[in-house]
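Trainee: Just dropping this structure here.
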Amino acid sequence: MPPSQQIATIAAREILTRLHDVMASRSNAQSKLDQVVQIISTALLSDVCSIYLLRDGVLELFATYGLKQEAVHVTRLSLGQGLVGTIARDMAILNLSEATSHPDFVHNPETGEEFFHSFAGVPIVRREQAVGVLAVQSAESRRFADIEVEALQTVAMVLAELIFSAGLIDENSLASSGSKDQGSLRYNGLKLVEGMGRGYAVFHQPRVTIEFTVAEDVEVERQRLNAAFARMREQIEHMAQEAEFFGNSNDHREVLATYRMFAYDEGWRRRIDEAIDSGLTAEAAIERVQQHNRMRMREIGDPILADRLHDLEDLSNRLLRLVSGQLGTAARLGLHDDAILIARNMGPAELLEYDRRRLKGIVLEEGSLTSHVTIVAKAIGIPVLGRVKEIHQGVREGDLLLVDSNQGAVFIRPTPEIEEAFATRFALSRKRRAEFAAMRDLPAITRDNHRIELMINAGLRDDVAALEATGADGIGLFRTEFEFLVSSTLPRRERQLRLYRDILEAAGDRPVIFRTVDIGNDKTLPYINNSDETVEENPALGWRAIRLALEKKALLKVQARALIEGAAGKTLYVMFPMIAEPWEYEQARAVFEKQNAWLAKHDKPRAKRIYYGSMLEVPSLAETLDILLPKLDFLSIGTNDLIQFFFAADRAYPKLAERYDWLSPALLRFLSRIIDQANAAGCKVGICGEMGGRTLTAMALIGLGLKRLSITPVAIGPIKAMIRSLDRDAFAPFIRELVASGASNIGDQLESWAKKHGVVIN
Ligand code: PEP
Ligand code: MG
């Protein structure tokens, strides 16, 4: 450590030790502050030291050593007014050899400050908000040394906590402080799951509250930091390995690479060490360095660096959680109020840990339409707005948020006018939902009498209730892996059996198509590992779904037994995911048939009849349909995966999210060939990807001859309304011709056709 740095460290440490004693003493808050300013002034050899605190949105001189005492509680400056107001408003440092030469200088005669030339001030920050200013002044005209300013910042950080715990500032005065990130804000994003929700902001990864800022024993703090760093590096290596094995989006992997870079960045580590040397606890030292980084980034104002800072912010929070032992996501703490969850991204299993009754919406900085967290949120009816990159800049824990995914917007701290407009739209959307609910018992028949089978996608026990609520014809896709995702160990056969039996019981006469586990890619399980050491570069194309199931046959056998027994005396529909070639289907089916034969031989209860189906998610399968179709009872097109392989565009990669064109001629031609071929072979064909849940795309598919859709429950109403207002035979030639012509604006043309012919499309 350079000698000047050492001096600053010693000065800061000495101040901190003395501050600690003062704050622990029994004197009242005012007398404590009076002592604090004196200690700082003496240690830094300045003539003046003053503390301004925010009260009712105004900075008030609370204590001074060196200015006139009459000014205490008299001098008041609004945010942005004078040097002190500027520091608080901009959360910036000022260090001036001649205070009067600064354009923002205002003279406060009651303070007697005209004798002092130099001025240095730093914001006192709590929860990323300026709650006051700590300033020193000297008669001599000199810039304070950087190390002195650093010492001042360290002290300001401790002061923030001490002032808060002494009750000199409170959260309410903070909330009404009117600083620049206050006020109503609107951010736009991508509608991932439609709907509206009102609730209070909860960070999925909660911020750590720092209880102690001044170290009792510097060595102990250093050891705590070392241990936390070691664990953090371990975690990041683990996350990187997981991402490689099971694959998350490319975006996620980029973030991990940045995490890794910071986790091994010696500069960052050294600065935290130095902050510990100055007498801070490990937590306070991490936060102190982070405050410094924030300030630097604000000065630089570069958007690329801002992204980096965000990564470092994440990592810094992770380190704080490790060092303080405040682990886990907000789900563990429980939701105490209606909540809007804010996250960079999250996995489907993490979402399922939250109390669904209180969760009213989710805002993600990343996210894409067909990622599994979106699918799960849709299944449980929670609106999700994605790709709101800047959300972390404008929102604080506990802020009131209105998510209007339909409009692609989230409102932060809304004004009464915004709240009112939101409430009106909310009521309207509820009314529309009520109208859809009223159609519950009406059949999904087109105006010209074509019956369309409308089924729902599900994956959790509670989802079956949606069958009743929507009046759907059955469950067209039951994602059995969801049960695996919410379990910390491999669900045993008995547990699986009970679940499948309960689902079938609740569904009554309506069919349920169970899909065997689709694990891998973004649906990772800690208890199932790839035995292969080779790293998967593209896990969506990797060891997942049927590939994994055919290798880990025990898993598939257990599931087969559980399904066949669970369906005792009933009809069982089962289908296999990610079939690329007919032999995979045959092998998977053989596993079921063998289990069925065994059960029959041993006179065990079993399904009355089993229908087998295949998903079509891999384009290669379309080329062998002539071989496969005769062996199938039904075919289900999984467009979420299919499209990503068809367009070579990662479904979870936000940058490409808008590139999935569900109404592109290439895709519609491809789907139309499959539908024609299956219909001609007399094999039932349906679509169970998200594209079936949008009115225009569903209309196109029906026009192309599709008769079964399995969609998210909330879409049943709007899709049924569309079907009931559509004349299919009048529409079919139109869509066929559009698709044949390769038009690039199919969406617009469909919309005009629908409007002209009175088809309800929204
Ligand atoms: C699909 O890929 O379209 C599908 C329905 O399966 P999942 O979304 O679960 O991958
Ligand atoms: Mg799929």
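Residue numbering restarts at 1 for every chain of the structure tokens, chains are lettered A, B, ... in their displayed order, and ligands are numbered from 1 as they appear.
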Do you have, as a Markdown table, the list of residues of chain A lying at most 7 Å from ligand 2, each with its nearest atom pair and that distance in Å to one decimal, counting only C-alpha atoms and all ligand atoms and ordered by chain then number?

Mentor:
| residue | atom | partner | partner_atom_place_in_ligand_line | distance |
| --- | --- | --- | --- | --- |
| A:Pro577 | CA | ligand 2 | 1 (Mg) | 6.6 |
| A:Met578 | CA | ligand 2 | 1 (Mg) | 6.7 |
| A:Glu617 | CA | ligand 2 | 1 (Mg) | 6.3 |
| A:Gly638 | CA | ligand 2 | 1 (Mg) | 5.6 |
| A:Asn640 | CA | ligand 2 | 1 (Mg) | 5.8 |
| A:Asp641 | CA | ligand 2 | 1 (Mg) | 4.7 |

Trainee: Neighbouring residues of ligand 1 are defined here as those with any atom at most 7 Å from a ligand atom, counting only C-alpha atoms and all ligand atoms; list them as a ChimeraX atom specification.

Mentor: /A:370,372,479,518,617,637-642,688-690

Trainee: What lies within 10 Å of Ile643 in chain A using only C-alpha atoms, ignoring chain neighbours under 3 positions off, as a PyMOL selection string?

Mentor: chain A and resi 617-619+638-640+646-651+660-662+667+689+691

Trainee: Taking the chain letters and numbering used in this document, name the residues of range 652-760 of chain A that DSSP puts in alpha helix (DSSP H), as JSON, numbers by chain.

Mentor: {"A": [665, 666, 667, 668, 669, 670, 671, 672, 673, 674, 675, 676, 677, 678, 679, 680, 695, 696, 697, 698, 699, 700, 701, 702, 703, 716, 717, 718, 719, 720, 721, 722, 723, 724, 728, 729, 730, 731, 732, 733, 734, 735, 736, 737, 738, 739, 740, 741, 746, 747, 748, 749, 750, 751, 752, 753, 754, 755, 756]}

Trainee: List every residue of range 563-753 of chain A that DSSP, applied to the backbone, labels as strand (DSSP E), and write the result as a list of chain:residue names.

Mentor: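 Filtering range 563-753 of chain A to strand (DSSP E) leaves A:Thr571, A:Leu572, A:Tyr573, A:Val574, A:Met575, A:Phe576, A:Arg609, A:Ile610, A:Tyr611, A:Tyr612, A:Gly613, A:Ser614, A:Met615, A:Leu616, A:Phe634, A:Leu635, A:Ser636, A:Ile637, A:Lys684, A:Val685, A:Gly686, A:Ile687, A:Arg708, A:Leu709, A:Ser710, A:Ile711.
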
Trainee: Taking 2 positions as the minimum chain separation for residues in the same chain, which residues sit within 10 Å of Ala469 in chain A when counting only C-alpha atoms? Answer as a VMD selection string.

Mentor: chain A and resid 437 440 to 441 464 to 467 471 to 472 713 to 714

Trainee: Just the residues within 7 Å of range 112-122 of chain A, please, counting only C-alpha atoms, with nothing from its chain fewer than 6 positions along; format it as number ranges by chain.

Mentor: A: 67-68, 87, 92-99, 133-144, 153

Trainee: So which residues touch range 546-554 of chain A within 8 Å, counting only C-alpha atoms, skipping near sequence neighbours fewer than 4 positions away, as a list in words?

Mentor: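 Surrounding residues, per the criterion: Val517, Asp518, Ile519, Gly520, Val558, Phe576, Pro577, Met578, Ile579, Glu584, Gln587 and Ala588 of chain A.
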
Trainee: Can you tell me how far CA of His107 in chain A sits from CA of Leu45 in chain A, in Å to one decimal?

Mentor: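 Between CA of His107 in chain A and CA of Leu45 in chain A the gap is 23.6 Å.
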
Trainee: Which residues are close to Arg724 in chain A, i.e. within 9 Å by only C-alpha atoms, leaving aside same-chain residues fewer than 2 positions away? Reply as a ChimeraX atom specification.

Mentor: /A:443-447,719-722,726-727,759-760

Trainee: Restricting it to C-alpha atoms, dump the selection as a compact mmCIF listing (two decimals), in the first residue's frame.

Mentor:
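out-v5.txt, freshly written:
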# COMPACT_ATOMS: atom_id res chain seq x y z
CA PRO A 443 -68.48 -25.45 -28.09
CA ALA A 444 -65.49 -24.34 -30.16
CA ILE A 445 -67.24 -24.56 -33.50
CA THR A 446 -66.63 -22.32 -36.48
CA ARG A 447 -69.54 -20.51 -38.07
CA ILE A 719 -59.31 -18.32 -29.14
CA LYS A 720 -62.81 -19.71 -28.72
CA ALA A 721 -64.27 -16.31 -29.54
CA MET A 722 -62.16 -16.23 -32.69
CA LEU A 726 -64.73 -17.60 -38.19
CA ASP A 727 -66.08 -19.08 -41.41
CA VAL A 759 -63.70 -12.38 -36.79
CA VAL A 760 -62.97 -11.55 -33.15

Trainee: Given only C-alpha atoms as the basis, pick out the residue of A:Gln235, A:Gln496, A:Ser620, A:Thr415 nearest to Arg186 in chain A.

Mentor: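 Using only C-alpha atoms, Arg186 in chain A sits closest to A:Thr415.
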
Trainee: Which is closer to Arg708 in chain A than all the others in A:Glu453, A:Ala678, A:Ala590, A:Leu563, using only C-alpha atoms?

Mentor: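 Counting only C-alpha atoms, the residue closest to Arg708 in chain A is A:Glu453.
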
Trainee: Would you mind telling me which residue in A:Tyr52, A:Asp21, A:Ala409, A:Lys557 lies nearest to Glu216 in chain A when using only C-alpha atoms?

Mentor: A:Asp21

Trainee: Figure out the distance between CA of Gly367 in chain A and CA of Glu194 in chain A, please, to one decimal in Å.

Mentor: 14.0 Å

Trainee: What is the distance between CA of Ala560 in chain A and CA of Phe592 in chain A, in Å to one decimal?

Mentor: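 Answer for the CA of Ala560 in chain A to CA of Phe592 in chain A separation: 5.4 Å.
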